[in-house]
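Some notes on the structure that comes next.
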Amino acid sequence: MTFSDHELMYRSRLGDAAAFDELVRRWESPVGRVVARLLGAGSDVEDVCQEVFLRVLRARDRYQENGAFSTWLYRIALNLARDTLRRRKRWSWLSLATEELESSAAPAAQDLDRQELGREVEFALAALPQPLREVLVLKHFGQLTFAEVAVVTGLPASTVKSRVQSALERLRSELSRRGIDQQDLPS
Amino acid sequence: MNCADAKLILVDLLYGELNAAEATSAREHLAECASCRQELARLESSREQLNRVTERPVRIDLARLCLRGAEQWERSRRRWRRIGYAAAAAVILIGIFVARQVRFEVQDGQMLIAWRHVPPQNVQPLPTSLENPPSQQMASVDYLRLRTRILNQGTDIANAPDVFIDEPTNSPRSYRALRDQLLSPNQ
């Protein structure tokens, strides 16, 4: 029998540990995907994901079934990712800026295998301004509707749409800047 | 539908978020408009690139999660206990300080609450005439007591005999000196 997210939260509140485990197993990949793309390269993705579910665990008594569970979960993930990025920025003077290192090496598309191409796209995504990256990641990797992204980010749906469109256009030009012509990419 | 309208819903079309009627209308426009078709193709191509990003599966360690939760709970409990102790100590110290500084007295049927600026032992007997003005500031509680009496009895201190006997201390005092003190900027 499959329970909905709300039911699992309710059962977990009543002390059903298996219900919380199931909730974590159901959402760890989607949340991990979104957090990884929001943070870009870095080793703290797992820690942030862990913290997301820890907050869910702590908030289970206060949890109310208004709206989709996914938007609530992604809002927690987004806030934690923002905090992590802020912390990273604060400490960035201690380390070399990885972004600069990455952008200096722009190999020709024909030399890239599929995995390297994936990395290049990842770097291009990380180079997007944070407001654009957030909506694009939530829309594409979180597979949310525009209305749901609007709920998560607190922006009007029309702003979300225009930001997604701008993000896709910026991504394209960023890939071109890195010497990747999209026609040449292997399918 | 014209190009301006179409451009507003290209991302909706891209992510399949238009209803059937809107989608049909948009496709009809695209069939006739090469520019919008090209725009949609560009957005589609950028979206496809995002699928090339390498997946790094995130696995939440539930045992670690519970352990971390328990640690955080314990840390927060300890922090609140420390804050509680500090607050209680602060309240006790402030209470002792206030109790030592404030004097409560009932004078002429009125409750007087006064802040003790000068310890009573430092109050010296007042001079008996204007020729010998008071050399020392009277205690605030004495000012208040005398002011209350003057107001209650309606004494016109301009025409009153200059010297009166202060009952609590049974010592002579000068009304004019008292008036000067009451009207002085320090009051």
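By order of appearance in the structure tokens: chains A, B, ..., then residues from 1 within every chain, and ligands from 1 in the order shown.
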
Residue list for chain B near chain A as a ChimeraX atom specification, 12 Å, only C-alpha atoms:
/B:7-18,39-73

Discussion item. For Val135 in chain A, find every residue with an atom within 8 Å (counting only C-alpha atoms), except residues of its own chain fewer than 6 positions away, and show them as a list in words.
Written reply: Val149, Thr153, Val160, Arg163 and Val164 of chain A

Dump as a PDB file, in the first residue's frame, selection limited to N, CA, C and O atoms:
ATOM      1  N   VAL A 149       6.710  26.513  -8.462  1.00  0.00           N
ATOM      2  CA  VAL A 149       7.972  27.261  -8.297  1.00  0.00           C
ATOM      3  C   VAL A 149       7.676  28.628  -7.681  1.00  0.00           C
ATOM      4  O   VAL A 149       8.414  29.117  -6.821  1.00  0.00           O
ATOM      5  N   THR A 153       9.417  29.918  -4.248  1.00  0.00           N
ATOM      6  CA  THR A 153      10.303  31.091  -4.235  1.00  0.00           C
ATOM      7  C   THR A 153       9.617  32.350  -3.709  1.00  0.00           C
ATOM      8  O   THR A 153      10.291  33.326  -3.380  1.00  0.00           O
ATOM      9  N   VAL A 160       8.377  34.081 -12.550  1.00  0.00           N
ATOM     10  CA  VAL A 160       9.044  32.770 -12.640  1.00  0.00           C
ATOM     11  C   VAL A 160       9.222  32.385 -14.108  1.00  0.00           C
ATOM     12  O   VAL A 160      10.304  31.979 -14.540  1.00  0.00           O
ATOM     13  N   ARG A 163      11.795  34.454 -15.837  1.00  0.00           N
ATOM     14  CA  ARG A 163      13.154  34.107 -15.377  1.00  0.00           C
ATOM     15  C   ARG A 163      13.611  32.775 -15.959  1.00  0.00           C
ATOM     16  O   ARG A 163      14.785  32.617 -16.302  1.00  0.00           O
ATOM     17  N   VAL A 164      12.693  31.823 -16.083  1.00  0.00           N
ATOM     18  CA  VAL A 164      13.074  30.532 -16.677  1.00  0.00           C
ATOM     19  C   VAL A 164      13.500  30.754 -18.124  1.00  0.00           C
ATOM     20  O   VAL A 164      14.512  30.208 -18.584  1.00  0.00           O
TER      21      VAL A 164
END

In Å, with one decimal, what is the gap from CA of Arg78 in chain B to CA of Ala59 in chain A?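 These atoms are spaced 19.7 Å apart.
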
Requested in this report: State, in Å with one decimal place, the distance from CA of Tyr10 in chain A to CA of Arg26 in chain A.
Outcome: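 Those two atoms sit 15.6 Å apart.
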
Compile the contact shell of Leu85 in chain A as a PDB file with all heavy atoms, in the first residue's frame: residues with an atom at most 12 Å away, counting only C-alpha atoms, same-chain residues fewer than 5 positions apart removed.
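New file result-v6.pdb:
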ATOM      1  N   VAL A  35      19.349  20.283  -4.859  1.00  0.00           N
ATOM      2  CA  VAL A  35      20.374  20.914  -4.013  1.00  0.00           C
ATOM      3  C   VAL A  35      21.723  20.919  -4.740  1.00  0.00           C
ATOM      4  O   VAL A  35      22.447  21.923  -4.726  1.00  0.00           O
ATOM      5  CB  VAL A  35      20.474  20.191  -2.644  1.00  0.00           C
ATOM      6  CG1 VAL A  35      21.699  20.650  -1.875  1.00  0.00           C
ATOM      7  CG2 VAL A  35      19.230  20.442  -1.830  1.00  0.00           C
ATOM      8  N   ALA A  36      22.046  19.822  -5.399  1.00  0.00           N
ATOM      9  CA  ALA A  36      23.333  19.741  -6.114  1.00  0.00           C
ATOM     10  C   ALA A  36      23.415  20.801  -7.201  1.00  0.00           C
ATOM     11  O   ALA A  36      24.460  21.421  -7.394  1.00  0.00           O
ATOM     12  CB  ALA A  36      23.499  18.360  -6.719  1.00  0.00           C
ATOM     13  N   ARG A  37      22.308  21.031  -7.902  1.00  0.00           N
ATOM     14  CA  ARG A  37      22.333  22.032  -8.980  1.00  0.00           C
ATOM     15  C   ARG A  37      22.298  23.459  -8.428  1.00  0.00           C
ATOM     16  O   ARG A  37      22.817  24.371  -9.049  1.00  0.00           O
ATOM     17  CB  ARG A  37      21.139  21.856  -9.930  1.00  0.00           C
ATOM     18  CG  ARG A  37      21.031  20.529 -10.566  1.00  0.00           C
ATOM     19  CD  ARG A  37      22.233  20.169 -11.421  1.00  0.00           C
ATOM     20  NE  ARG A  37      22.349  18.727 -11.514  1.00  0.00           N
ATOM     21  CZ  ARG A  37      23.368  18.010 -11.057  1.00  0.00           C
ATOM     22  NH1 ARG A  37      24.406  18.615 -10.488  1.00  0.00           N
ATOM     23  NH2 ARG A  37      23.380  16.708 -11.162  1.00  0.00           N
ATOM     24  N   LEU A  38      21.664  23.617  -7.262  1.00  0.00           N
ATOM     25  CA  LEU A  38      21.645  24.962  -6.664  1.00  0.00           C
ATOM     26  C   LEU A  38      23.019  25.343  -6.128  1.00  0.00           C
ATOM     27  O   LEU A  38      23.443  26.489  -6.221  1.00  0.00           O
ATOM     28  CB  LEU A  38      20.628  25.023  -5.510  1.00  0.00           C
ATOM     29  CG  LEU A  38      19.149  25.055  -5.889  1.00  0.00           C
ATOM     30  CD1 LEU A  38      18.279  24.934  -4.649  1.00  0.00           C
ATOM     31  CD2 LEU A  38      18.803  26.335  -6.626  1.00  0.00           C
ATOM     32  N   LEU A  39      23.714  24.340  -5.572  1.00  0.00           N
ATOM     33  CA  LEU A  39      25.016  24.632  -4.962  1.00  0.00           C
ATOM     34  C   LEU A  39      26.157  24.566  -5.954  1.00  0.00           C
ATOM     35  O   LEU A  39      27.231  25.096  -5.700  1.00  0.00           O
ATOM     36  CB  LEU A  39      25.291  23.657  -3.814  1.00  0.00           C
ATOM     37  CG  LEU A  39      24.366  23.745  -2.596  1.00  0.00           C
ATOM     38  CD1 LEU A  39      24.787  22.746  -1.545  1.00  0.00           C
ATOM     39  CD2 LEU A  39      24.380  25.150  -2.020  1.00  0.00           C
ATOM     40  N   GLY A  40      25.943  23.862  -7.077  1.00  0.00           N
ATOM     41  CA  GLY A  40      27.041  23.676  -8.016  1.00  0.00           C
ATOM     42  C   GLY A  40      28.056  22.714  -7.435  1.00  0.00           C
ATOM     43  O   GLY A  40      27.719  21.911  -6.550  1.00  0.00           O
ATOM     44  N   ALA A  41      29.301  22.841  -7.867  1.00  0.00           N
ATOM     45  CA  ALA A  41      30.323  21.925  -7.373  1.00  0.00           C
ATOM     46  C   ALA A  41      30.558  22.173  -5.888  1.00  0.00           C
ATOM     47  O   ALA A  41      30.498  23.291  -5.424  1.00  0.00           O
ATOM     48  CB  ALA A  41      31.608  22.147  -8.148  1.00  0.00           C
ATOM     49  N   GLY A  42      30.804  21.107  -5.171  1.00  0.00           N
ATOM     50  CA  GLY A  42      31.062  21.260  -3.735  1.00  0.00           C
ATOM     51  C   GLY A  42      30.749  19.977  -3.007  1.00  0.00           C
ATOM     52  O   GLY A  42      29.958  19.164  -3.478  1.00  0.00           O
ATOM     53  N   ASP A  44      29.441  19.778  -0.014  1.00  0.00           N
ATOM     54  CA  ASP A  44      28.473  19.896   1.076  1.00  0.00           C
ATOM     55  C   ASP A  44      27.043  19.556   0.673  1.00  0.00           C
ATOM     56  O   ASP A  44      26.121  19.787   1.430  1.00  0.00           O
ATOM     57  CB  ASP A  44      28.525  21.299   1.694  1.00  0.00           C
ATOM     58  CG  ASP A  44      28.748  22.377   0.666  1.00  0.00           C
ATOM     59  OD1 ASP A  44      28.634  22.059  -0.534  1.00  0.00           O
ATOM     60  OD2 ASP A  44      29.042  23.511   1.051  1.00  0.00           O
ATOM     61  N   VAL A  45      26.863  18.969  -0.517  1.00  0.00           N
ATOM     62  CA  VAL A  45      25.513  18.651  -0.984  1.00  0.00           C
ATOM     63  C   VAL A  45      24.837  17.654  -0.039  1.00  0.00           C
ATOM     64  O   VAL A  45      23.681  17.846   0.370  1.00  0.00           O
ATOM     65  CB  VAL A  45      25.559  18.091  -2.423  1.00  0.00           C
ATOM     66  CG1 VAL A  45      24.202  17.588  -2.860  1.00  0.00           C
ATOM     67  CG2 VAL A  45      26.047  19.170  -3.384  1.00  0.00           C
ATOM     68  N   VAL A  48      23.831  19.238   3.245  1.00  0.00           N
ATOM     69  CA  VAL A  48      22.640  20.097   3.120  1.00  0.00           C
ATOM     70  C   VAL A  48      21.382  19.227   3.016  1.00  0.00           C
ATOM     71  O   VAL A  48      20.367  19.509   3.665  1.00  0.00           O
ATOM     72  CB  VAL A  48      22.762  21.052   1.906  1.00  0.00           C
ATOM     73  CG1 VAL A  48      21.467  21.808   1.662  1.00  0.00           C
ATOM     74  CG2 VAL A  48      23.897  22.041   2.127  1.00  0.00           C
ATOM     75  N   LEU A  78      15.664  25.097  -0.601  1.00  0.00           N
ATOM     76  CA  LEU A  78      16.108  26.353  -1.211  1.00  0.00           C
ATOM     77  C   LEU A  78      16.713  27.290  -0.159  1.00  0.00           C
ATOM     78  O   LEU A  78      17.784  27.870  -0.381  1.00  0.00           O
ATOM     79  CB  LEU A  78      14.924  27.035  -1.908  1.00  0.00           C
ATOM     80  CG  LEU A  78      15.199  28.378  -2.570  1.00  0.00           C
ATOM     81  CD1 LEU A  78      16.187  28.223  -3.717  1.00  0.00           C
ATOM     82  CD2 LEU A  78      13.916  29.009  -3.101  1.00  0.00           C
ATOM     83  N   ASN A  79      16.044  27.388   0.987  1.00  0.00           N
ATOM     84  CA  ASN A  79      16.569  28.272   2.046  1.00  0.00           C
ATOM     85  C   ASN A  79      17.921  27.791   2.541  1.00  0.00           C
ATOM     86  O   ASN A  79      18.835  28.585   2.760  1.00  0.00           O
ATOM     87  CB  ASN A  79      15.579  28.349   3.216  1.00  0.00           C
ATOM     88  CG  ASN A  79      14.349  29.155   2.854  1.00  0.00           C
ATOM     89  OD1 ASN A  79      14.399  29.979   1.954  1.00  0.00           O
ATOM     90  ND2 ASN A  79      13.255  28.894   3.520  1.00  0.00           N
ATOM     91  N   LEU A  80      18.066  26.486   2.712  1.00  0.00           N
ATOM     92  CA  LEU A  80      19.347  25.959   3.192  1.00  0.00           C
ATOM     93  C   LEU A  80      20.438  26.144   2.144  1.00  0.00           C
ATOM     94  O   LEU A  80      21.586  26.449   2.478  1.00  0.00           O
ATOM     95  CB  LEU A  80      19.206  24.476   3.557  1.00  0.00           C
ATOM     96  CG  LEU A  80      18.501  24.218   4.886  1.00  0.00           C
ATOM     97  CD1 LEU A  80      18.173  22.745   5.056  1.00  0.00           C
ATOM     98  CD2 LEU A  80      19.383  24.671   6.047  1.00  0.00           C
ATOM     99  N   ARG A  90      31.168  34.068   1.866  1.00  0.00           N
ATOM    100  CA  ARG A  90      31.877  34.725   2.960  1.00  0.00           C
ATOM    101  C   ARG A  90      33.290  34.187   3.102  1.00  0.00           C
ATOM    102  O   ARG A  90      34.212  34.889   3.445  1.00  0.00           O
ATOM    103  CB  ARG A  90      31.104  34.502   4.256  1.00  0.00           C
ATOM    104  CG  ARG A  90      31.096  35.699   5.150  1.00  0.00           C
ATOM    105  CD  ARG A  90      30.209  35.446   6.341  1.00  0.00           C
ATOM    106  NE  ARG A  90      28.805  35.335   5.996  1.00  0.00           N
ATOM    107  CZ  ARG A  90      27.925  34.590   6.669  1.00  0.00           C
ATOM    108  NH1 ARG A  90      28.282  33.887   7.697  1.00  0.00           N
ATOM    109  NH2 ARG A  90      26.669  34.555   6.296  1.00  0.00           N
ATOM    110  N   TRP A  91      33.447  32.889   2.869  1.00  0.00           N
ATOM    111  CA  TRP A  91      34.757  32.261   3.063  1.00  0.00           C
ATOM    112  C   TRP A  91      35.542  32.103   1.766  1.00  0.00           C
ATOM    113  O   TRP A  91      36.595  31.506   1.757  1.00  0.00           O
ATOM    114  CB  TRP A  91      34.588  30.885   3.724  1.00  0.00           C
ATOM    115  CG  TRP A  91      34.089  31.021   5.123  1.00  0.00           C
ATOM    116  CD1 TRP A  91      32.806  30.845   5.553  1.00  0.00           C
ATOM    117  CD2 TRP A  91      34.839  31.409   6.284  1.00  0.00           C
ATOM    118  NE1 TRP A  91      32.711  31.097   6.898  1.00  0.00           N
ATOM    119  CE2 TRP A  91      33.934  31.447   7.372  1.00  0.00           C
ATOM    120  CE3 TRP A  91      36.182  31.740   6.517  1.00  0.00           C
ATOM    121  CZ2 TRP A  91      34.331  31.791   8.659  1.00  0.00           C
ATOM    122  CZ3 TRP A  91      36.563  32.076   7.800  1.00  0.00           C
ATOM    123  CH2 TRP A  91      35.648  32.099   8.846  1.00  0.00           C
ATOM    124  N   SER A  92      34.982  32.628   0.666  1.00  0.00           N
ATOM    125  CA  SER A  92      35.607  32.371  -0.632  1.00  0.00           C
ATOM    126  C   SER A  92      37.004  32.971  -0.737  1.00  0.00           C
ATOM    127  O   SER A  92      37.830  32.510  -1.512  1.00  0.00           O
ATOM    128  CB  SER A  92      34.725  32.903  -1.756  1.00  0.00           C
ATOM    129  OG  SER A  92      34.578  34.280  -1.575  1.00  0.00           O
ATOM    130  N   ALA A 126      26.062  26.746 -13.305  1.00  0.00           N
ATOM    131  CA  ALA A 126      26.567  27.396 -12.084  1.00  0.00           C
ATOM    132  C   ALA A 126      26.924  28.857 -12.344  1.00  0.00           C
ATOM    133  O   ALA A 126      26.943  29.670 -11.422  1.00  0.00           O
ATOM    134  CB  ALA A 126      27.777  26.645 -11.550  1.00  0.00           C
ATOM    135  N   GLN A 130      22.226  33.833  -9.581  1.00  0.00           N
ATOM    136  CA  GLN A 130      21.480  32.981  -8.642  1.00  0.00           C
ATOM    137  C   GLN A 130      19.948  33.033  -8.819  1.00  0.00           C
ATOM    138  O   GLN A 130      19.299  31.985  -8.815  1.00  0.00           O
ATOM    139  CB  GLN A 130      21.868  33.330  -7.206  1.00  0.00           C
ATOM    140  CG  GLN A 130      21.441  32.247  -6.225  1.00  0.00           C
ATOM    141  CD  GLN A 130      21.805  32.600  -4.800  1.00  0.00           C
ATOM    142  OE1 GLN A 130      22.755  33.326  -4.561  1.00  0.00           O
ATOM    143  NE2 GLN A 130      21.046  32.093  -3.851  1.00  0.00           N
ATOM    144  N   GLU A 134      18.031  29.566  -9.624  1.00  0.00           N
ATOM    145  CA  GLU A 134      17.068  28.976  -8.674  1.00  0.00           C
ATOM    146  C   GLU A 134      15.782  28.528  -9.368  1.00  0.00           C
ATOM    147  O   GLU A 134      15.340  27.395  -9.183  1.00  0.00           O
ATOM    148  CB  GLU A 134      16.728  30.011  -7.592  1.00  0.00           C
ATOM    149  CG  GLU A 134      17.783  30.114  -6.520  1.00  0.00           C
ATOM    150  CD  GLU A 134      17.454  31.167  -5.470  1.00  0.00           C
ATOM    151  OE1 GLU A 134      16.373  31.767  -5.535  1.00  0.00           O
ATOM    152  OE2 GLU A 134      18.300  31.388  -4.592  1.00  0.00           O
TER     153      GLU A 134
END

_Could you list, as a ChimeraX atom specification, every residue within 12 Å of Phe3 in chain A, counting only C-alpha atoms and ignoring same-chain residues fewer than 2 positions away?_
/A:1,5-12,18-20,22-23,26
